[in-house]
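**Q** Once you've had a glance at the structure underneath, I'll fire off some questions.
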Amino acid sequence: MNIVSFSPFGYEGALVHVDVDVRRGIPAVDMVGLADGAVKESRERMRSAIRNSGFEFPPERVLISLSPADLRKEGAGFDLAVALAVLQAQSCAQTDTVPSDEQVLVMGELELNGNVRPVRGIYAAVTTALEAGIHKCIIPHANKEEACGISGMQVFGADSLREAFKVLTDESCFSAQTEQQNQNDDLVQFAPYSSSEDYALIQGQEQLLRALQIAAAGGHNLLAFGPPGCGKTLALQRFYTLLPLLTSQEAQSVTRIHSIAGLLSPGTTLIRTPPFRQPHQSASLEGLCGGGSHCMPGEISLAHNGVLFLDEAAEFRSSVLQMMRVPLETGSITLSRAGRATTYPSRFQLLMATNPCPCGAFGSKDKLCLCSSHSIEQYWKKFSGPLLDRIDIRIHVQSKTESNSSYTVSTEQLRKPIASAVHRQRTRQHIRNAQLTIAQIEQFCTCTEGAKDALEKAAETYSFSARAKSSCLKLARTIADMEEKDTICTEHMTEAIDLRKTEGGLNWDFLEE
């Protein structure tokens with residue numbers, strides 16, 4: 001068999017062919033093919049693993065070639081592939097045979113005693129190999145579950161080098177993955193949650209919970225602002241309980257990203273639960289967008305098809321907040337490092353919670369704000385107009401003394417309209433309402449004359465941009481979907497406008513109430 005390995009770089013990665021030539025000469029191991037330090041060190045690990053596994057290391061000169069030659073190879077995942085290639089070359093030289101032309105993907109890190117350690121990027125490697133026409137793979141047994149559910153791939157999970165070498169001569173050891181029961185994507189399902197995570201424990205905040213329900217139903221970005229202790233963070237941290245499970249197509253890209261980052265839990269096949277990422281305020285620009293020498297995914301990519309929650313959002317660096325403007329619009333981010341580039345998907349739902357001013361009392365009816373108007377405006381300038389323009393829902397959260405503390409609603413009650421709306425969106429356009437393009441808005445957002453008039457009046461009153469008008473249409477479409485209505489009515493548009501009209505800073509309508 002021709003042995004192929006995988007070099008993880010960015011979202012795509014690349015397949016690497018491993019060739020070995022055993023020839024006469026002073027005993028030594030040479031490696032060519034632009035290998036980094038970790039790959040070059042595999043020569044010593046491989047030599048000790050072969051001897052400690054009961055094999056004889058070739059007493060001749062060994063040349064290891066990793067191709068393509070101009071691609072930099074990184075990581076310790078080449079150990080097993082190199083060791084098997086050496087053993088196969090020695091066996092072929094002794095028996096005067098030629099290996100078959102069939103290709104096999106091999107990945108794994110070797111211990112000195114010959115045991116195989118797990119590596120990151122197995123899911124990405126297997127899917128890339130399958131696309132290249134490779135249907136057999138030898139991977140660490142600890143990573144075997146990552147390959148489950150990938151139809152068309154025959155997998156062997158090796159615990160040791162001896163087991164892995166046996167597979168090269170006995171192909172019956174490969175086992176085709178049992179077909180997994182695919183989730184019915186037309187059926188909207190939710191993950192279980194504990195009783196301590198139920199929204200019924202949150203009293204009051206009817207407007208906030210309604211806004212969260214709409215945001216979950218349509219995938220809309222949301223900004224919640226209010227005084228400290230009003231419950232905005234508590235409510236937003238439970239938002240993941242309102243998110244439906246991912247479809248099969250959505251789960252594949254999410255699983256690939258987490259596999260590349262080495263974040264897949266043992267026994268995970270596909271990640272069906274939408275990611276919920278909550279980075280700290282001290283997160284760097286590279287930590288959010290990704291990067292490093294290996295172009296690892298950042299928080300916005302790890303939150304792909306899920307939620308990125310920024311608590312105390314005004315405390316994040318301005319450069320970090322402004323960086324998200326393009327990914328919010330395009331759903332992807334391109335990272336360039338040393339002549340190489342990779343594009344990660346990053347279609348995430350942004351949730352932000354912040355105080356209304358530095359002291360947190362601005363707009364409160366029972367507290368005195370000590371901030372000047374200048375300091376409040378500077379505080380809100382961290383978000384910038386273009387970033388706020390991409391936030392569909394802006395909700396003012398009142399303190400518990402100002403809200404109706406008797407109002408309660410359970411998570412199950414919130415989920416029912418969400419399930420109806422998500423089902424209609426998957427059936428109608430196969431994407432969430434928040435992702436609708438201009439052409440799709442014209443096609444799917446059918447409005448009554450009253451709804452059109454309400455939007456035009458609001459656009460004139462609040463100086464809505466073209467993006468703001470589109471945002472109102474998408475919000476109204478989501479509200480109508482929750483009520484299982486095909487046409488957007490005036491009441492749907494009115495509620496959408498109320499959720500969208502707040503601009504932040506000193507321009508708050510609730511101050512006039």
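For the structure tokens, the naming scheme is as follows: chains receive sequential letters (A, B, ...) according to their order of presentation, residues are indexed from 1 within each chain, and ligands are indexed from 1 in presentation order.
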Using only C-alpha atoms, determine which residues lie at most 12 Å from Glu131 of chain A, disregarding the query and same-chain residues fewer than 6 positions distant; provide the list as a list of chain:residue names.

**A**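 In the requested format, the answer is A:Glu12, A:Ala14, A:Leu15, A:Ala124, A:Ala125, A:Ile150, A:Ser151, A:Gly152, A:Met153.
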
**Q** So that I can check the surroundings of Ile441 of chain A, please list as a PyMOL selection string every protein, DNA and RNA residue that reaches within 12 Å of it, counting only C-alpha atoms and ignoring chain neighbours fewer than 5 positions away.

**A** chain A and resi 429+432-436+446-447+467+469-478+488

**Q** I'd like to know which residues of segment 62-258 of chain A are strand (DSSP E) (by DSSP, run on the backbone); could you write them as a PyMOL selection string?

**A** chain A and resi 62-67+103-106+109-110+116-117+136-140+154-158+175-176+222-225

**Q** Restricting the calculation to only C-alpha atoms, which member of A:Gly231, A:Gly226, A:Pro68, A:Gly290 is positioned closest to Thr342 of chain A?

**A**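 Closest to Thr342 of chain A of all the choices is A:Gly290.
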
**Q** Measuring atom to atom with only C-alpha atoms, identify which of A:Leu243, A:Val18, A:Met296, A:Cys137 is nearest to Ser259 of chain A.

**A**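 Looking at the shortest contact to Ser259 of chain A, the residue is A:Met296.
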
**Q** Excluding Asp481 of chain A and its own-chain neighbours fewer than 2 positions away, which residues fall within 12 Å of it when counting only C-alpha atoms? Please give them as an MDAnalysis selection string.

**A** chainID A and resid 214 217:218 416:428 432:433 444:446 474:479 483:489 492

**Q** Choose the residue, out of A:Arg325, A:Arg277, A:His304, A:Arg24, that has the smallest atom-to-atom separation from Ser384 of chain A; count only C-alpha atoms.

**A** A:Arg325

**Q** Just want the 10 Å neighbourhood of Ser372 of chain A, counted on only C-alpha atoms, with same-chain residues fewer than 4 positions away dropped. Output as a list in words.

**A**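 So the residues in contact are Cys357, Pro358, Phe362, Ile376, Glu377 and Gln378 of chain A.
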
**Q** What does the file look like for those residues with C-alpha atoms, as a JSON list (two decimals), in the first residue's frame?

**A**
```json
[["chain", "number", "residue", "atom", "x", "y", "z"],
["A", 357, "CYS", "CA", -22.44, 53.78, 30.77],
["A", 358, "PRO", "CA", -19.19, 53.44, 32.76],
["A", 362, "PHE", "CA", -27.56, 55.77, 33.01],
["A", 376, "ILE", "CA", -21.10, 58.02, 27.77],
["A", 377, "GLU", "CA", -20.53, 58.78, 24.10],
["A", 378, "GLN", "CA", -16.89, 57.68, 24.33]]
```

**Q** Between A:Ser172, A:Ser65, A:Gln252, A:Ser42, which one has atoms that come closest to Glu111 of chain A, using only C-alpha atoms?

**A**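 For Glu111 of chain A, the nearest of the candidates is A:Ser42.
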